[in-house]
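Coordinates as given in run_35.pdb (PDB, C-alpha atoms):
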```pdb
ATOM      1  CA  MET A   1     -32.429  -7.582  25.804  1.00  0.00           C
ATOM      2  CA  THR A   2     -34.458  -4.914  24.044  1.00  0.00           C
ATOM      3  CA  THR A   3     -33.964  -3.367  20.633  1.00  0.00           C
ATOM      4  CA  ALA A   4     -35.744  -0.139  21.643  1.00  0.00           C
ATOM      5  CA  GLY A   5     -33.596   2.888  20.913  1.00  0.00           C
ATOM      6  CA  ARG A   6     -31.038   0.917  18.899  1.00  0.00           C
ATOM      7  CA  ARG A   7     -29.950   2.252  15.536  1.00  0.00           C
ATOM      8  CA  VAL A   8     -28.874   0.241  12.510  1.00  0.00           C
ATOM      9  CA  LEU A   9     -26.349   1.563  10.013  1.00  0.00           C
ATOM     10  CA  ILE A  10     -28.030   0.991   6.661  1.00  0.00           C
ATOM     11  CA  GLY A  11     -26.122   3.230   4.255  1.00  0.00           C
ATOM     12  CA  ARG A  12     -23.943   6.268   3.644  1.00  0.00           C
ATOM     13  CA  ILE A  13     -24.049   9.432   1.576  1.00  0.00           C
ATOM     14  CA  VAL A  14     -21.064   9.205  -0.758  1.00  0.00           C
ATOM     15  CA  GLY A  15     -21.296  11.963  -3.339  1.00  0.00           C
ATOM     16  CA  LEU A  16     -23.197  14.553  -5.337  1.00  0.00           C
ATOM     17  CA  TYR A  17     -25.478  14.041  -8.300  1.00  0.00           C
ATOM     18  CA  GLY A  18     -26.436  17.056 -10.376  1.00  0.00           C
ATOM     19  CA  VAL A  19     -27.008  20.610  -9.176  1.00  0.00           C
ATOM     20  CA  GLN A  20     -30.417  20.333  -7.487  1.00  0.00           C
ATOM     21  CA  GLY A  21     -29.308  18.714  -4.242  1.00  0.00           C
ATOM     22  CA  TRP A  22     -29.447  15.052  -5.251  1.00  0.00           C
ATOM     23  CA  LEU A  23     -26.982  12.754  -3.497  1.00  0.00           C
ATOM     24  CA  LYS A  24     -25.244   9.514  -4.388  1.00  0.00           C
ATOM     25  CA  ILE A  25     -25.762   6.918  -1.673  1.00  0.00           C
ATOM     26  CA  GLU A  26     -24.542   3.456  -0.748  1.00  0.00           C
ATOM     27  CA  SER A  27     -27.231   1.123   0.561  1.00  0.00           C
ATOM     28  CA  TRP A  28     -26.590  -1.983   2.652  1.00  0.00           C
ATOM     29  CA  ALA A  29     -30.253  -3.006   2.620  1.00  0.00           C
ATOM     30  CA  GLU A  30     -31.263  -6.167   0.777  1.00  0.00           C
ATOM     31  CA  PRO A  31     -32.406  -5.467  -1.850  1.00  0.00           C
ATOM     32  CA  ARG A  32     -30.611  -2.117  -2.072  1.00  0.00           C
ATOM     33  CA  MET A  33     -33.723  -0.082  -2.946  1.00  0.00           C
ATOM     34  CA  ARG A  34     -35.378  -1.152   0.302  1.00  0.00           C
ATOM     35  CA  ILE A  35     -33.419   1.617   2.056  1.00  0.00           C
ATOM     36  CA  PHE A  36     -36.183   3.990   0.917  1.00  0.00           C
ATOM     37  CA  ASP A  37     -38.801   1.874   2.717  1.00  0.00           C
ATOM     38  CA  TYR A  38     -37.114   2.423   6.082  1.00  0.00           C
ATOM     39  CA  GLN A  39     -37.899   5.990   7.063  1.00  0.00           C
ATOM     40  CA  PRO A  40     -37.289   8.260   8.817  1.00  0.00           C
ATOM     41  CA  TRP A  41     -33.549   8.201   8.252  1.00  0.00           C
ATOM     42  CA  LEU A  42     -31.300   9.264  11.082  1.00  0.00           C
ATOM     43  CA  LEU A  43     -28.361  11.140   9.572  1.00  0.00           C
ATOM     44  CA  GLY A  44     -25.265  11.505  11.705  1.00  0.00           C
ATOM     45  CA  ALA A  45     -22.780   9.651  13.825  1.00  0.00           C
ATOM     46  CA  ALA A  46     -24.241   9.547  17.327  1.00  0.00           C
ATOM     47  CA  PRO A  47     -27.665   9.245  18.961  1.00  0.00           C
ATOM     48  CA  GLY A  48     -28.936  12.644  19.989  1.00  0.00           C
ATOM     49  CA  GLU A  49     -26.707  14.346  17.416  1.00  0.00           C
ATOM     50  CA  GLU A  50     -28.453  13.032  14.329  1.00  0.00           C
ATOM     51  CA  ARG A  51     -30.908  14.737  12.040  1.00  0.00           C
ATOM     52  CA  GLU A  52     -34.186  12.908  11.349  1.00  0.00           C
ATOM     53  CA  ILE A  53     -35.318  12.973   7.709  1.00  0.00           C
ATOM     54  CA  SER A  54     -38.616  11.645   6.305  1.00  0.00           C
ATOM     55  CA  GLY A  55     -39.889  11.715   2.745  1.00  0.00           C
ATOM     56  CA  VAL A  56     -36.611  10.768   1.070  1.00  0.00           C
ATOM     57  CA  GLN A  57     -37.064   9.908  -2.597  1.00  0.00           C
ATOM     58  CA  GLY A  58     -34.611   7.845  -4.602  1.00  0.00           C
ATOM     59  CA  ARG A  59     -33.851   5.701  -7.601  1.00  0.00           C
ATOM     60  CA  THR A  60     -31.117   3.685  -9.227  1.00  0.00           C
ATOM     61  CA  GLN A  61     -28.758   5.667 -11.417  1.00  0.00           C
ATOM     62  CA  GLY A  62     -26.380   3.618 -13.519  1.00  0.00           C
ATOM     63  CA  LYS A  63     -24.722   1.122 -11.165  1.00  0.00           C
ATOM     64  CA  GLY A  64     -25.414   3.288  -8.120  1.00  0.00           C
ATOM     65  CA  MET A  65     -28.280   4.966  -6.312  1.00  0.00           C
ATOM     66  CA  VAL A  66     -29.288   8.583  -5.866  1.00  0.00           C
ATOM     67  CA  ALA A  67     -31.581  10.235  -3.347  1.00  0.00           C
ATOM     68  CA  GLN A  68     -33.218  13.581  -2.798  1.00  0.00           C
ATOM     69  CA  LEU A  69     -33.729  14.672   0.784  1.00  0.00           C
ATOM     70  CA  PRO A  70     -36.494  17.134   1.681  1.00  0.00           C
ATOM     71  CA  GLY A  71     -35.008  20.560   2.379  1.00  0.00           C
ATOM     72  CA  VAL A  72     -31.794  19.846   0.460  1.00  0.00           C
ATOM     73  CA  ASP A  73     -32.342  21.815  -2.723  1.00  0.00           C
ATOM     74  CA  ASP A  74     -28.913  22.727  -4.040  1.00  0.00           C
ATOM     75  CA  ARG A  75     -25.433  21.346  -4.538  1.00  0.00           C
ATOM     76  CA  GLU A  76     -23.901  23.273  -1.614  1.00  0.00           C
ATOM     77  CA  GLN A  77     -26.418  21.910   0.908  1.00  0.00           C
ATOM     78  CA  ALA A  78     -25.883  18.418  -0.484  1.00  0.00           C
ATOM     79  CA  ALA A  79     -22.073  18.703  -0.368  1.00  0.00           C
ATOM     80  CA  ALA A  80     -22.231  19.287   3.393  1.00  0.00           C
ATOM     81  CA  LEU A  81     -23.794  15.807   3.797  1.00  0.00           C
ATOM     82  CA  ILE A  82     -21.133  13.771   1.962  1.00  0.00           C
ATOM     83  CA  GLY A  83     -19.743  11.093   4.274  1.00  0.00           C
ATOM     84  CA  THR A  84     -22.804  11.112   6.531  1.00  0.00           C
ATOM     85  CA  ASP A  85     -23.994   7.733   7.803  1.00  0.00           C
ATOM     86  CA  ILE A  86     -27.626   6.726   7.302  1.00  0.00           C
ATOM     87  CA  HIS A  87     -29.154   4.926  10.278  1.00  0.00           C
ATOM     88  CA  VAL A  88     -32.684   3.743  10.941  1.00  0.00           C
ATOM     89  CA  ALA A  89     -34.351   2.700  14.165  1.00  0.00           C
ATOM     90  CA  ARG A  90     -33.993  -1.055  14.729  1.00  0.00           C
ATOM     91  CA  GLU A  91     -37.781  -1.325  15.189  1.00  0.00           C
ATOM     92  CA  GLN A  92     -38.314  -0.325  11.540  1.00  0.00           C
ATOM     93  CA  LEU A  93     -36.644  -3.458  10.214  1.00  0.00           C
ATOM     94  CA  PRO A  94     -38.530  -6.711   9.657  1.00  0.00           C
ATOM     95  CA  ALA A  95     -38.091  -9.542  12.135  1.00  0.00           C
ATOM     96  CA  PRO A  96     -35.174 -11.775  11.154  1.00  0.00           C
ATOM     97  CA  ALA A  97     -35.841 -15.371  10.095  1.00  0.00           C
ATOM     98  CA  LYS A  98     -35.209 -18.236  12.503  1.00  0.00           C
ATOM     99  CA  ASP A  99     -31.503 -18.512  13.365  1.00  0.00           C
ATOM    100  CA  GLU A 100     -30.763 -15.187  11.643  1.00  0.00           C
ATOM    101  CA  TYR A 101     -29.762 -12.054  13.554  1.00  0.00           C
ATOM    102  CA  TYR A 102     -29.150  -8.397  12.978  1.00  0.00           C
ATOM    103  CA  TRP A 103     -25.639  -7.601  14.161  1.00  0.00           C
ATOM    104  CA  VAL A 104     -26.943  -4.770  16.321  1.00  0.00           C
ATOM    105  CA  ASP A 105     -29.027  -7.332  18.272  1.00  0.00           C
ATOM    106  CA  LEU A 106     -25.896  -9.373  19.060  1.00  0.00           C
ATOM    107  CA  GLU A 107     -23.814  -6.432  20.275  1.00  0.00           C
ATOM    108  CA  GLY A 108     -23.569  -6.398  24.048  1.00  0.00           C
ATOM    109  CA  LEU A 109     -24.453 -10.067  24.561  1.00  0.00           C
ATOM    110  CA  GLU A 110     -22.539 -11.919  27.266  1.00  0.00           C
ATOM    111  CA  VAL A 111     -20.404 -14.660  25.689  1.00  0.00           C
ATOM    112  CA  VAL A 112     -19.676 -17.896  27.557  1.00  0.00           C
ATOM    113  CA  THR A 113     -18.121 -21.191  26.517  1.00  0.00           C
ATOM    114  CA  THR A 114     -19.956 -24.516  26.498  1.00  0.00           C
ATOM    115  CA  GLN A 115     -18.181 -25.109  29.849  1.00  0.00           C
ATOM    116  CA  ASP A 116     -19.725 -21.839  31.186  1.00  0.00           C
ATOM    117  CA  VAL A 117     -16.428 -19.889  31.179  1.00  0.00           C
ATOM    118  CA  GLU A 118     -17.118 -16.174  30.693  1.00  0.00           C
ATOM    119  CA  LEU A 119     -15.258 -14.687  27.727  1.00  0.00           C
ATOM    120  CA  GLY A 120     -16.685 -11.150  27.747  1.00  0.00           C
ATOM    121  CA  ARG A 121     -19.267  -9.320  25.698  1.00  0.00           C
ATOM    122  CA  VAL A 122     -19.842  -8.932  21.971  1.00  0.00           C
ATOM    123  CA  SER A 123     -18.233  -5.628  21.006  1.00  0.00           C
ATOM    124  CA  HIS A 124     -19.088  -5.784  17.306  1.00  0.00           C
ATOM    125  CA  LEU A 125     -18.999  -8.027  14.258  1.00  0.00           C
ATOM    126  CA  PHE A 126     -17.347  -7.803  10.889  1.00  0.00           C
ATOM    127  CA  ALA A 127     -17.616  -9.675   7.616  1.00  0.00           C
ATOM    128  CA  THR A 128     -14.850 -11.653   5.958  1.00  0.00           C
ATOM    129  CA  GLY A 129     -14.957 -13.448   2.647  1.00  0.00           C
ATOM    130  CA  ALA A 130     -15.693 -16.744   4.376  1.00  0.00           C
ATOM    131  CA  ASN A 131     -17.919 -15.844   7.339  1.00  0.00           C
ATOM    132  CA  ASP A 132     -18.813 -13.158   9.847  1.00  0.00           C
ATOM    133  CA  VAL A 133     -16.606 -12.738  12.924  1.00  0.00           C
ATOM    134  CA  VAL A 134     -17.730 -11.863  16.455  1.00  0.00           C
ATOM    135  CA  VAL A 135     -15.368  -9.578  18.388  1.00  0.00           C
ATOM    136  CA  VAL A 136     -15.589 -10.448  22.091  1.00  0.00           C
ATOM    137  CA  ARG A 137     -13.960  -8.161  24.666  1.00  0.00           C
ATOM    138  CA  ASP A 138     -13.559  -8.646  28.395  1.00  0.00           C
ATOM    139  CA  GLY A 139     -11.727  -5.403  29.188  1.00  0.00           C
ATOM    140  CA  SER A 140      -8.201  -6.781  28.990  1.00  0.00           C
ATOM    141  CA  ARG A 141      -8.529  -9.186  26.095  1.00  0.00           C
ATOM    142  CA  GLU A 142     -10.108  -9.366  22.662  1.00  0.00           C
ATOM    143  CA  ARG A 143     -11.133 -12.605  20.958  1.00  0.00           C
ATOM    144  CA  LEU A 144     -12.193 -13.088  17.345  1.00  0.00           C
ATOM    145  CA  ILE A 145     -14.688 -15.945  17.036  1.00  0.00           C
ATOM    146  CA  PRO A 146     -16.121 -17.073  13.692  1.00  0.00           C
ATOM    147  CA  PHE A 147     -19.904 -16.650  13.688  1.00  0.00           C
ATOM    148  CA  ILE A 148     -20.624 -20.137  12.384  1.00  0.00           C
ATOM    149  CA  GLN A 149     -23.754 -21.517  14.003  1.00  0.00           C
ATOM    150  CA  GLY A 150     -23.511 -25.137  15.042  1.00  0.00           C
ATOM    151  CA  SER A 151     -19.703 -25.182  14.915  1.00  0.00           C
ATOM    152  CA  TYR A 152     -18.489 -22.294  17.068  1.00  0.00           C
ATOM    153  CA  VAL A 153     -21.724 -20.530  17.990  1.00  0.00           C
ATOM    154  CA  ARG A 154     -23.843 -23.086  19.797  1.00  0.00           C
ATOM    155  CA  SER A 155     -26.729 -20.873  20.893  1.00  0.00           C
ATOM    156  CA  VAL A 156     -27.933 -17.285  20.946  1.00  0.00           C
ATOM    157  CA  ASP A 157     -30.531 -16.227  23.501  1.00  0.00           C
ATOM    158  CA  LEU A 158     -31.415 -12.589  22.878  1.00  0.00           C
ATOM    159  CA  SER A 159     -33.938 -12.424  25.720  1.00  0.00           C
ATOM    160  CA  ALA A 160     -31.329 -13.685  28.211  1.00  0.00           C
ATOM    161  CA  GLY A 161     -28.589 -11.571  26.616  1.00  0.00           C
ATOM    162  CA  ARG A 162     -26.314 -14.573  26.161  1.00  0.00           C
ATOM    163  CA  MET A 163     -24.335 -16.364  23.446  1.00  0.00           C
ATOM    164  CA  VAL A 164     -22.791 -19.805  24.049  1.00  0.00           C
ATOM    165  CA  VAL A 165     -19.716 -20.686  21.994  1.00  0.00           C
ATOM    166  CA  ASP A 166     -17.515 -23.745  21.576  1.00  0.00           C
ATOM    167  CA  TRP A 167     -14.228 -21.921  22.033  1.00  0.00           C
ATOM    168  CA  ASP A 168     -11.010 -22.482  23.990  1.00  0.00           C
ATOM    169  CA  PRO A 169     -10.828 -19.717  26.611  1.00  0.00           C
ATOM    170  CA  GLU A 170      -7.032 -19.667  26.244  1.00  0.00           C
ATOM    171  CA  PHE A 171      -7.215 -18.901  22.528  1.00  0.00           C
TER
END
```

Represent the structure of the file as structure tokens.
Amino acid sequence: MTTAGRRVLIGRIVGLYGVQGWLKIESWAEPRMRIFDYQPWLLGAAPGEEREISGVQGRTQGKGMVAQLPGVDDREQAAALIGTDIHVAREQLPAPAKDEYYWVDLEGLEVVTTQDVELGRVSHLFATGANDVVVVRDGSRERLIPFIQGSYVRSVDLSAGRMVVDWDPEF
């Protein structure tokens, strides 16, 4: 399974800062300021419909972060971008550590039980207070499986496009 062409949601434009086109942003990078290291940004909802932006400058401002995008020089231009998602190409991100995964790399994997029963494919993941959850869909059914390696998730093979889980197919 290749990561080429995949996009990773890394932040969002959430508001205005000042009158010269600066924007308030949320960053989901760790640490937060690393979002400025991953450029160009792909602004927009869907591949092919996004706008590519390089040369973004930013800083912390109070408890939040602000950014200035090249070509966005006034408050009106900036206001049009509020709510826009910030994606980057998956290839820009560093390789994950052993037994760590970017969610985007898990999406689309075939999911089978330890008894080789097919459950479907990973649709997406979401975080809870306790652990991440894998949403597995097979067309007619959706399963929510805790992403706890060793307990429920027994193996992940990205090159084979497969995740093995210890899960009751009836549940």

Residues within 6 Å of A:Gly44, all atoms listed in the file, excluding chain neighbours under 2 positions, as a PyMOL selection string: chain A and resi 50+84-85

Please provide as a PyMOL selection string all residues within 12 Å of A:Leu43, with the sequence filter that same-chain residues fewer than 5 positions apart are discarded (counting all atoms listed in the file). chain A and resi 7-13+48-54+56+69+80-89

Please measure the separation of atom CA of A:Asp116 and atom CA of A:Gly150, giving the value in Å to one decimal. 16.9 Å

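Using only C-alpha atoms for every distance, the candidate list A:Lys24, A:Arg90, A:Arg34, A:Lys98 yields A:Lys24 as the residue closest to A:Gly62.
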
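Atom CA of A:Gln57 sits 15.5 Å away from atom CA of A:Ala29.
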
Hits of the PyMOL selection byres ((chain A and resi 129-135) around 12) in this structure, as number ranges by chain: A: 101-104, 106-111, 119-128, 136-138, 141-149, 152-153, 163, 165

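For the choices A:Gly64, A:Pro169, A:Gly139, A:Gly161, the atom-to-atom distance to A:Arg32 is smallest for A:Gly64 when using only C-alpha atoms.
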
Report the distance between atom CA of A:Gln92 and atom CA of A:Asp157 in Å, rounded to one decimal place. 21.4 Å
